[in-house]
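Structure file structure.tsv; described as TSV, C-alpha atoms.
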```tsv
chain	number	residue	atom	x	y	z
A	188	MET	CA	-24.71	-10.04	-12.52
A	189	PRO	CA	-28.30	-10.25	-11.39
A	190	ASP	CA	-30.98	-9.72	-13.97
A	191	ALA	CA	-33.26	-6.74	-13.77
A	192	ALA	CA	-36.01	-8.68	-12.02
A	193	SER	CA	-33.81	-9.84	-9.15
A	194	ARG	CA	-32.33	-6.41	-8.52
A	195	MET	CA	-33.74	-4.02	-6.01
A	196	PRO	CA	-34.79	-0.86	-7.88
A	197	ALA	CA	-31.75	1.38	-8.19
A	198	PRO	CA	-32.89	4.29	-6.04
A	199	ASP	CA	-33.89	1.97	-3.17
A	200	ILE	CA	-30.68	-0.01	-2.83
A	201	VAL	CA	-28.52	3.02	-3.54
A	202	ALA	CA	-30.44	5.19	-1.10
A	203	ALA	CA	-30.22	2.52	1.58
A	204	TYR	CA	-26.43	2.67	1.64
A	205	ARG	CA	-25.54	6.14	0.40
A	206	HIS	CA	-24.90	7.70	3.80
A	207	ARG	CA	-23.01	4.72	5.19
A	208	VAL	CA	-20.74	4.56	2.14
A	209	PHE	CA	-20.04	8.27	2.07
A	210	GLY	CA	-19.58	8.44	5.84
A	211	LEU	CA	-17.02	5.64	5.86
A	212	ALA	CA	-15.21	7.02	2.81
A	213	MET	CA	-15.09	10.45	4.40
A	214	ARG	CA	-13.65	9.06	7.61
A	215	LEU	CA	-11.05	6.96	5.84
A	216	LEU	CA	-10.07	9.54	3.25
A	217	GLY	CA	-10.73	12.85	4.99
A	218	ASP	CA	-11.41	14.48	1.64
A	219	ARG	CA	-14.88	15.26	0.29
A	220	GLU	CA	-13.95	15.04	-3.37
A	221	ASP	CA	-12.27	11.66	-3.04
A	222	ALA	CA	-15.09	10.43	-0.80
A	223	ALA	CA	-17.63	11.57	-3.41
A	224	ASP	CA	-15.81	9.70	-6.19
A	225	VAL	CA	-15.54	6.53	-4.13
A	226	THR	CA	-19.20	6.77	-3.11
A	227	GLN	CA	-20.36	7.07	-6.70
A	228	ASP	CA	-18.29	4.07	-7.77
A	229	VAL	CA	-19.43	1.94	-4.86
A	230	LEU	CA	-23.11	2.83	-5.35
A	231	VAL	CA	-22.92	1.95	-9.04
A	232	ARG	CA	-21.23	-1.36	-8.22
A	233	LEU	CA	-23.81	-1.97	-5.54
A	234	TRP	CA	-26.57	-1.56	-8.08
A	235	GLN	CA	-24.73	-3.79	-10.57
A	236	ARG	CA	-23.84	-6.58	-8.18
A	237	GLY	CA	-25.67	-5.98	-4.93
A	238	GLY	CA	-28.66	-8.04	-5.97
A	239	ALA	CA	-26.44	-11.10	-6.28
A	240	VAL	CA	-25.30	-10.73	-2.66
A	241	PRO	CA	-27.53	-12.36	-0.02
A	242	PRO	CA	-29.27	-9.64	2.02
A	243	GLU	CA	-27.59	-10.72	5.27
A	244	GLN	CA	-24.19	-10.25	3.63
A	245	GLN	CA	-24.96	-7.01	1.86
A	246	THR	CA	-23.66	-4.67	4.57
A	247	ALA	CA	-20.38	-6.56	4.82
A	248	TRP	CA	-20.09	-6.50	1.03
A	249	VAL	CA	-20.65	-2.75	0.92
A	250	LEU	CA	-18.10	-2.18	3.70
A	251	THR	CA	-15.56	-4.36	1.91
A	252	VAL	CA	-15.96	-2.61	-1.43
A	253	THR	CA	-15.94	0.83	0.15
A	254	ARG	CA	-12.86	0.17	2.27
A	255	ASN	CA	-10.96	-1.36	-0.64
A	256	ALA	CA	-11.82	1.60	-2.86
A	257	CYS	CA	-10.61	3.98	-0.15
A	258	LEU	CA	-7.37	2.07	0.35
A	259	ASP	CA	-6.79	2.28	-3.42
A	260	VAL	CA	-7.19	6.06	-3.24
A	261	LEU	CA	-4.81	6.26	-0.28
A	262	ARG	CA	-2.23	4.16	-2.12
A	263	LYS	CA	-2.46	6.44	-5.15
A	264	ARG	CA	-2.03	9.46	-2.94
A	265	GLN	CA	1.10	7.99	-1.40
A	266	THR	CA	2.41	7.10	-4.84
A	267	ARG	CA	1.96	10.69	-5.93
A	268	GLU	CA	3.68	11.80	-2.73
A	269	THR	CA	1.05	14.43	-2.24
A	270	TYR	CA	-0.50	12.76	0.76
A	271	THR	CA	-1.91	15.13	3.32
A	272	SER	CA	-3.07	13.99	6.71
A	273	PRO	CA	-6.71	12.86	6.66
A	274	ALA	CA	-6.91	14.10	10.23
A	275	HIS	CA	-5.99	17.56	9.11
A	276	ASP	CA	-8.51	17.42	6.29
A	277	ALA	CA	-11.17	15.89	8.51
A	278	ALA	CA	-10.65	18.53	11.17
A	279	GLU	CA	-10.75	21.18	8.46
A	280	ALA	CA	-13.94	19.70	6.99
A	281	THR	CA	-15.50	19.59	10.44
A	282	SER	CA	-14.62	23.17	11.15
A	283	MET	CA	-15.98	24.19	7.75
A	284	THR	CA	-19.21	22.30	8.40
A	285	HIS	CA	-19.85	23.56	11.89
A	286	GLY	CA	-18.16	26.94	11.89
A	287	PRO	CA	-15.49	28.22	14.24
A	288	ASP	CA	-17.97	29.15	16.97
A	289	VAL	CA	-18.72	25.49	17.71
A	290	LEU	CA	-15.09	24.57	18.09
A	291	ALA	CA	-15.20	24.66	21.86
A	292	GLU	CA	-13.70	22.21	24.32
A	293	ALA	CA	-15.78	19.23	23.23
A	294	SER	CA	-14.86	19.82	19.61
A	295	ASP	CA	-11.26	20.14	20.62
A	296	PHE	CA	-11.36	16.72	22.22
A	297	ARG	CA	-13.12	15.42	19.12
A	298	ALA	CA	-10.43	16.91	16.90
A	299	ARG	CA	-7.78	15.20	19.01
A	300	ILE	CA	-9.58	11.92	18.67
A	301	GLU	CA	-9.88	12.34	14.92
A	302	ARG	CA	-6.18	13.10	14.71
A	303	ALA	CA	-5.35	10.07	16.84
A	304	LEU	CA	-7.69	7.95	14.74
A	305	ALA	CA	-6.07	9.13	11.53
A	306	GLY	CA	-2.70	8.28	13.03
A	307	LEU	CA	-3.64	4.61	13.35
A	308	SER	CA	-2.30	2.34	10.65
A	309	GLU	CA	-4.45	-0.12	8.75
A	310	PRO	CA	-6.23	-2.33	9.57
A	311	TYR	CA	-6.49	-0.85	13.09
A	312	ARG	CA	-8.10	2.35	11.85
A	313	SER	CA	-10.75	0.60	9.79
A	314	ILE	CA	-11.53	-1.84	12.59
A	315	VAL	CA	-11.86	0.86	15.24
A	316	LEU	CA	-13.92	3.02	12.89
A	317	LEU	CA	-16.28	0.24	11.90
A	318	ARG	CA	-16.76	-0.99	15.47
A	319	GLU	CA	-16.55	2.05	17.72
A	320	VAL	CA	-17.84	4.76	15.41
A	321	GLU	CA	-20.19	2.95	13.07
A	322	ASP	CA	-21.26	0.14	15.38
A	323	HIS	CA	-20.98	-2.71	12.90
A	324	THR	CA	-20.93	-6.33	14.02
A	325	TYR	CA	-17.65	-8.16	14.47
A	326	GLU	CA	-18.72	-10.55	11.71
A	327	ASP	CA	-19.29	-7.76	9.18
A	328	ILE	CA	-16.00	-6.14	10.16
A	329	ALA	CA	-14.12	-9.42	9.78
A	330	THR	CA	-15.52	-9.74	6.26
A	331	ALA	CA	-14.79	-6.13	5.42
A	332	VAL	CA	-11.14	-6.26	6.44
A	333	GLY	CA	-10.61	-9.87	5.37
A	334	LEU	CA	-9.41	-11.10	8.75
A	335	PRO	CA	-10.59	-13.89	11.09
A	336	LEU	CA	-13.05	-12.88	13.79
A	337	ASN	CA	-10.64	-13.42	16.68
A	338	THR	CA	-7.95	-11.42	14.91
A	339	VAL	CA	-10.41	-8.56	14.51
A	340	LYS	CA	-11.08	-8.62	18.26
A	341	VAL	CA	-7.36	-8.58	19.05
A	342	TYR	CA	-6.76	-5.74	16.58
A	343	LEU	CA	-9.68	-3.79	18.01
A	344	HIS	CA	-8.16	-4.08	21.46
A	345	ARG	CA	-4.77	-2.94	20.14
A	346	GLY	CA	-6.37	-0.09	18.22
A	347	ARG	CA	-8.19	1.11	21.30
A	348	GLN	CA	-5.00	0.83	23.32
A	349	ARG	CA	-3.08	2.88	20.75
A	350	LEU	CA	-5.77	5.53	20.75
A	351	ARG	CA	-5.68	5.72	24.52
A	352	ASP	CA	-1.88	5.99	24.44
A	353	ALA	CA	-2.07	8.77	21.87
A	354	LEU	CA	-4.71	10.68	23.82
A	355	ARG	CA	-3.12	10.12	27.20
A	356	HIS	CA	-0.08	12.05	26.02
A	357	ARG	CA	-2.17	14.84	24.57
A	358	LEU	CA	-4.73	15.29	27.32
A	359	PRO	CA	-4.04	17.32	30.44
A	360	ALA	CA	-4.14	15.16	33.55
A	361	GLU	CA	-7.28	16.83	34.91
A	362	ASP	CA	-9.22	15.76	31.79
A	363	LEU	CA	-8.85	12.14	32.86
A	364	ASP	CA	-10.78	12.69	36.08
A	365	LEU	CA	-14.01	13.48	34.31
A	366	VAL	CA	-15.59	10.05	34.59
B	37	MET	CA	0.05	-0.10	35.96
B	38	ASN	CA	1.04	-2.36	38.82
B	39	PRO	CA	1.97	-6.00	38.39
B	40	THR	CA	-1.28	-6.91	40.14
B	41	CYS	CA	-3.44	-4.85	37.77
B	42	PRO	CA	-5.58	-6.69	35.22
B	43	SER	CA	-4.18	-6.64	31.70
B	44	PRO	CA	-5.51	-3.99	29.30
B	45	ASP	CA	-7.39	-6.62	27.29
B	46	ARG	CA	-9.39	-7.47	30.44
B	47	LEU	CA	-10.24	-3.80	30.74
B	48	ASP	CA	-11.63	-3.80	27.20
B	49	ALA	CA	-13.51	-7.02	27.86
B	50	TRP	CA	-15.00	-5.46	31.00
B	51	LEU	CA	-16.01	-2.34	29.08
B	52	ASP	CA	-17.68	-4.52	26.45
B	53	GLY	CA	-19.48	-6.50	29.16
B	54	LEU	CA	-17.67	-9.66	28.12
B	55	LEU	CA	-16.01	-10.53	31.42
B	56	PRO	CA	-17.53	-13.46	33.34
B	57	THR	CA	-19.51	-12.24	36.36
B	58	GLU	CA	-16.93	-13.37	38.90
B	59	GLU	CA	-14.00	-11.80	37.06
B	60	ALA	CA	-15.99	-8.61	36.51
B	61	ALA	CA	-16.62	-8.33	40.26
B	62	ILE	CA	-12.91	-8.74	40.98
B	63	PHE	CA	-12.09	-6.14	38.34
B	64	GLU	CA	-14.59	-3.65	39.79
B	65	ALA	CA	-13.23	-4.18	43.27
B	66	HIS	CA	-9.75	-3.51	41.95
B	67	LEU	CA	-10.94	-0.23	40.42
B	68	THR	CA	-11.91	1.08	43.84
B	69	THR	CA	-8.35	0.72	45.09
B	70	CYS	CA	-6.22	1.40	42.01
B	71	ALA	CA	-6.06	4.98	40.76
B	72	VAL	CA	-4.08	3.99	37.67
B	73	CYS	CA	-6.70	1.51	36.47
B	74	ALA	CA	-9.52	3.87	37.41
B	75	ALA	CA	-7.95	6.59	35.27
B	76	GLU	CA	-7.46	4.12	32.42
B	77	VAL	CA	-11.14	3.14	32.61
B	78	ALA	CA	-12.13	6.82	32.67
B	79	LEU	CA	-10.10	7.48	29.55
B	80	ALA	CA	-11.42	4.36	27.82
B	81	ARG	CA	-15.02	5.32	28.58
B	82	ARG	CA	-14.57	8.87	27.45
B	83	LEU	CA	-12.91	7.70	24.28
B	84	GLN	CA	-15.63	5.16	23.58
B	85	THR	CA	-18.36	7.75	24.05
B	86	ALA	CA	-16.58	10.34	21.95
B	87	LEU	CA	-15.97	7.87	19.12
B	88	HIS	CA	-19.60	6.83	19.15
B	89	ASP	CA	-20.68	10.45	19.05
B	90	LEU	CA	-18.42	11.52	16.20
B	91	PRO	CA	-20.69	13.31	13.73
B	92	ALA	CA	-21.46	11.38	10.58
B	93	GLU	CA	-21.07	13.10	7.24
B	94	PRO	CA	-24.28	12.63	5.25
B	95	CYS	CA	-23.95	11.80	1.57
B	96	PRO	CA	-24.57	15.03	-0.39
B	97	ASP	CA	-27.49	14.95	-2.79
B	98	GLU	CA	-25.26	15.80	-5.75
B	99	VAL	CA	-23.16	12.68	-5.13
B	100	TYR	CA	-26.28	10.54	-4.83
B	101	ASN	CA	-27.80	12.06	-7.97
B	102	ALA	CA	-24.57	11.62	-9.92
B	103	ALA	CA	-24.56	7.93	-9.00
B	104	LEU	CA	-28.18	7.59	-10.12
B	105	GLU	CA	-27.34	9.27	-13.43
B	106	ARG	CA	-24.49	6.83	-14.03
B	107	ILE	CA	-26.81	3.95	-13.21
B	108	ALA	CA	-29.46	5.30	-15.58
B	109	ALA	CA	-26.83	5.64	-18.33
B	110	LEU	CA	-25.71	2.05	-17.79
B	111	ASP	CA	-29.32	0.91	-17.86
B	112	ARG	CA	-29.89	2.71	-21.18
B	113	GLN	CA	-26.78	1.10	-22.69
B	114	ALA	CA	-27.83	-2.44	-21.82
B	115	PRO	CA	-31.22	-2.64	-20.12
B	116	ASN	CA	-31.23	-6.45	-19.93
B	117	ARG	CA	-27.56	-7.11	-19.31
B	118	GLN	CA	-25.60	-4.69	-17.20
B	119	PRO	CA	-21.99	-4.02	-18.11
B	120	VAL	CA	-19.30	-4.97	-15.65
B	121	ALA	CA	-16.68	-2.57	-16.90
B	122	GLY	CA	-14.89	-1.91	-13.61
B	123	PRO	CA	-14.49	-5.43	-12.30
B	124	ARG	CA	-13.82	-6.75	-15.82
B	125	LYS	CA	-10.90	-4.34	-16.15
B	126	VAL	CA	-9.52	-5.63	-12.89
B	127	ARG	CA	-9.77	-9.24	-14.05
B	128	LEU	CA	-8.13	-8.46	-17.35
B	129	ARG	CA	-5.33	-6.52	-15.72
B	130	ARG	CA	-4.71	-9.45	-13.39
B	131	ALA	CA	-4.78	-11.78	-16.38
B	132	ALA	CA	-2.28	-9.53	-18.11
B	133	TRP	CA	0.27	-9.98	-15.34
B	134	VAL	CA	0.08	-13.72	-15.86
B	135	ALA	CA	-0.44	-13.83	-19.61
B	136	LEU	CA	2.19	-11.32	-20.65
B	137	PRO	CA	5.19	-13.00	-19.00
B	138	LEU	CA	3.97	-16.41	-20.12
B	139	ALA	CA	3.51	-15.26	-23.68
B	140	LEU	CA	6.89	-13.51	-23.69
B	141	ALA	CA	8.62	-16.53	-22.21
B	142	LEU	CA	7.04	-18.74	-24.82
B	143	ALA	CA	7.96	-16.42	-27.66
B	144	LEU	CA	11.52	-16.08	-26.40
B	145	ALA	CA	11.86	-19.81	-25.90
B	146	VAL	CA	10.80	-20.50	-29.47
B	147	PHE	CA	12.95	-17.62	-30.75
B	148	LEU	CA	16.11	-18.61	-28.87
B	149	TRP	CA	15.88	-22.38	-28.95
B	150	PRO	CA	17.55	-22.88	-32.35
B	151	ARG	CA	20.43	-20.57	-31.29
B	152	LEU	CA	20.95	-22.24	-27.94
B	153	ARG	CA	20.88	-25.73	-29.31
B	154	PRO	CA	21.73	-25.51	-33.01
B	155	ALA	CA	20.78	-28.72	-34.66
B	156	PRO	CA	20.70	-29.98	-38.16
B	157	GLU	CA	17.58	-28.86	-39.90
B	158	ALA	CA	16.93	-32.44	-40.75
B	159	GLU	CA	15.99	-33.06	-37.07
B	160	TYR	CA	12.90	-30.87	-37.48
B	161	THR	CA	10.03	-32.07	-39.48
B	162	ALA	CA	7.84	-29.70	-41.41
B	163	ALA	CA	5.08	-30.36	-38.88
B	164	GLU	CA	7.33	-29.38	-35.94
B	165	ILE	CA	8.36	-26.17	-37.65
B	166	GLU	CA	4.75	-25.38	-38.39
B	167	ALA	CA	3.79	-26.09	-34.76
B	168	ALA	CA	6.55	-23.77	-33.51
B	169	ARG	CA	5.42	-21.05	-35.89
B	170	ALA	CA	1.83	-21.48	-34.70
B	171	GLU	CA	2.96	-21.19	-31.06
B	172	VAL	CA	4.80	-17.96	-31.78
B	173	GLU	CA	1.78	-16.59	-33.58
B	174	TYR	CA	-0.47	-17.62	-30.69
B	175	ALA	CA	1.86	-16.00	-28.14
B	176	LEU	CA	2.02	-12.77	-30.09
B	177	ALA	CA	-1.73	-12.76	-30.61
B	178	LEU	CA	-2.22	-13.26	-26.87
B	179	VAL	CA	0.13	-10.38	-26.09
B	180	SER	CA	-1.74	-8.24	-28.59
B	181	GLU	CA	-5.19	-9.22	-27.26
B	182	VAL	CA	-4.27	-8.61	-23.63
B	183	GLY	CA	-2.71	-5.30	-24.61
B	184	ARG	CA	-5.81	-4.28	-26.51
B	185	GLU	CA	-8.11	-5.19	-23.60
B	186	THR	CA	-6.02	-3.60	-20.88
B	187	GLY	CA	-4.33	-0.74	-22.69
B	188	VAL	CA	-0.93	-2.20	-21.77
B	189	PHE	CA	1.21	-2.43	-24.89
B	190	LEU	CA	4.77	-3.62	-25.34
B	191	GLN	CA	6.47	-1.51	-27.94
B	192	GLU	CA	9.32	-2.78	-30.10
B	193	ASP	CA	11.64	-0.22	-28.56
B	194	VAL	CA	10.83	-1.62	-25.10
B	195	LEU	CA	10.82	-5.28	-26.02
B	196	ALA	CA	14.17	-5.26	-27.85
B	197	PRO	CA	16.42	-3.37	-25.39
B	198	HIS	CA	14.78	-4.58	-22.17
B	199	VAL	CA	13.89	-8.19	-22.93
B	200	VAL	CA	15.43	-9.70	-26.04
B	201	GLU	CA	18.86	-8.07	-25.98
B	202	PRO	CA	19.60	-8.68	-22.29
B	203	VAL	CA	18.73	-12.34	-22.76
B	204	GLN	CA	20.88	-12.55	-25.87
B	205	GLU	CA	23.77	-10.88	-24.06
B	206	SER	CA	23.50	-13.12	-21.03
B	207	LEU	CA	23.62	-16.12	-23.31
B	208	ASN	CA	26.39	-14.71	-25.49
B	209	LEU	CA	24.13	-14.83	-28.48
B	210	LYS	CA	24.34	-11.27	-29.64
B	211	ASP	CA	25.85	-11.14	-33.10
```

Please express what this file holds, its structure, as structure tokens.
Amino acid sequence: MPDAASRMPAPDIVAAYRHRVFGLAMRLLGDREDAADVTQDVLVRLWQRGGAVPPEQQTAWVLTVTRNACLDVLRKRQTRETYTSPAHDAAEATSMTHGPDVLAEASDFRARIERALAGLSEPYRSIVLLREVEDHTYEDIATAVGLPLNTVKVYLHRGRQRLRDALRHRLPAEDLDLV
Amino acid sequence: MNPTCPSPDRLDAWLDGLLPTEEAAIFEAHLTTCAVCAAEVALARRLQTALHDLPAEPCPDEVYNAALERIAALDRQAPNRQPVAGPRKVRLRRAAWVALPLALALALAVFLWPRLRPAPEAEYTAAEIEAARAEVEYALALVSEVGRETGVFLQEDVLAPHVVEPVQESLNLKD
């Protein structure tokens, strides 16, 4: 535990990571309430322990703690057997945020991607999310998921491949000629 | 895909700009003649762009403010030494999984030993009996302490039917 002098002032360090933590929790959990709970816990832990983590490792530390907290929530959900698809919730949250008028073709493709993403098992989902959506470095991702760097690269490739397979079956053939 | 097509991992490497120049040129030439690979690249690109453009959910102010309130409360409780309640619980719970079985095994061993290997009392000195008693007390104290810290308690009605009696039965010691 760092002493008060070595800690960044609470609002600064918490503010620096609040959106990243909530964003990742939201994507992994697909539920605002659960994401809010996880975010609060992670931000408090960040304040308590973040000062003891070297600055260059802070992002990886935050990702690790956030992902682990989310996986705990997902495990509890499965234990309670009340698990609902994060993709469904995420799509619902998106539609609630943006309103039905925005749910045009692009949003439809996005919803399909979110469903496909939610269908990935761990650690593929976290790796794809952290790399493709959130643009983190391979090194930070390797730390966050607790896997060697080369394994992360292999899993990323497999995750992408699985997403493409899932979307290929869901997309009309003409959609593939867009690029 | 055809047998002559590059493997999917080469496609990803090409998309990431990680293919050596020569291999990248061969791959790009292949794309001009292979509709299957061209379609796969189109899908991969579209997917990559769409993933990158997925809207991020900003952290609501109420969540941020709630976290700050919890931090302020912790700071008021111990301004110079912050509590580590969450992680400490985790450590204690992990310790409980190790300490509880060890303590139970020790207590059972001391409890059952005279019945398994009855021996004349003369073989035990007063010091040995005292040491055994101290070990039992230590084991029970450890169980109690871990239970107090973690909230995991072993009740008599659990201990007797699920631990002591099965062992006694398996060893033909009951009654």

What separation in Å, quoted to one decimal, exists between atom CA of His88 of chain B and atom CA of Leu258 of chain A?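 So the two atoms, atom CA of His88 of chain B and atom CA of Leu258 of chain A, lie 22.9 Å apart.
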
Residues of chain B within 6 Å of chain A: nearest atom pair and distance (Å, one decimal) for each, counting only C-alpha atoms, sorted by chain and number, as a tab-separated table?
```
residue	atom	partner	partner_atom	distance
B:Ala78	CA	A:Val366	CA	5.1
B:Leu79	CA	A:Leu363	CA	5.9
B:Leu87	CA	A:Val320	CA	5.2
B:His88	CA	A:Val320	CA	4.6
B:Ala92	CA	A:Gly210	CA	5.9
B:Glu93	CA	A:Gly210	CA	5.1
B:Pro94	CA	A:His206	CA	5.2
B:Cys95	CA	A:His206	CA	4.8
B:Val99	CA	A:Ala223	CA	5.9
B:Ala103	CA	A:Gln227	CA	4.9
```

When you draw a straight line from atom CA of Ala329 of chain A to atom CA of Leu250 of chain A, how long is it in Å?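 Atom-to-atom, atom CA of Ala329 of chain A and atom CA of Leu250 of chain A are spaced 10.3 Å apart.
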
How big is the axis-aligned box around the listed atoms of segment 88-93 of chain B once 6 Å is added on each side, and where is its centre? Give both in Å to one decimal, as JSON.
```
{"center_x": -19.9, "center_y": 10.1, "center_z": 13.2, "size_x": 15.0, "size_y": 18.5, "size_z": 23.9}
```

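The space between atom CA of Asp327 of chain A and atom CA of Pro96 of chain B spans 25.3 Å.
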
With a distance cut-off of 10 Å and all atoms listed in the file, select the neighbouring residues of segment 54-67 of chain B, excluding the residue or stretch itself and same-chain residues fewer than 4 positions from it, and output the selection as a short mmCIF file (atom, residue, chain, number, x, y, z; two decimals) with C-alpha atoms, in the frame of the given file.
```cif
data_model
loop_
_atom_site.label_atom_id
_atom_site.label_comp_id
_atom_site.auth_asym_id
_atom_site.auth_seq_id
_atom_site.Cartn_x
_atom_site.Cartn_y
_atom_site.Cartn_z
CA THR B 40 -1.28 -6.91 40.14
CA CYS B 41 -3.44 -4.85 37.77
CA PRO B 42 -5.58 -6.69 35.22
CA ARG B 46 -9.39 -7.47 30.44
CA LEU B 47 -10.24 -3.80 30.74
CA ASP B 48 -11.63 -3.80 27.20
CA ALA B 49 -13.51 -7.02 27.86
CA TRP B 50 -15.00 -5.46 31.00
CA ALA B 71 -6.06 4.98 40.76
CA VAL B 72 -4.08 3.99 37.67
CA CYS B 73 -6.70 1.51 36.47
CA ALA B 74 -9.52 3.87 37.41
CA ALA B 75 -7.95 6.59 35.27
CA GLU B 76 -7.46 4.12 32.42
CA VAL B 77 -11.14 3.14 32.61
#
```
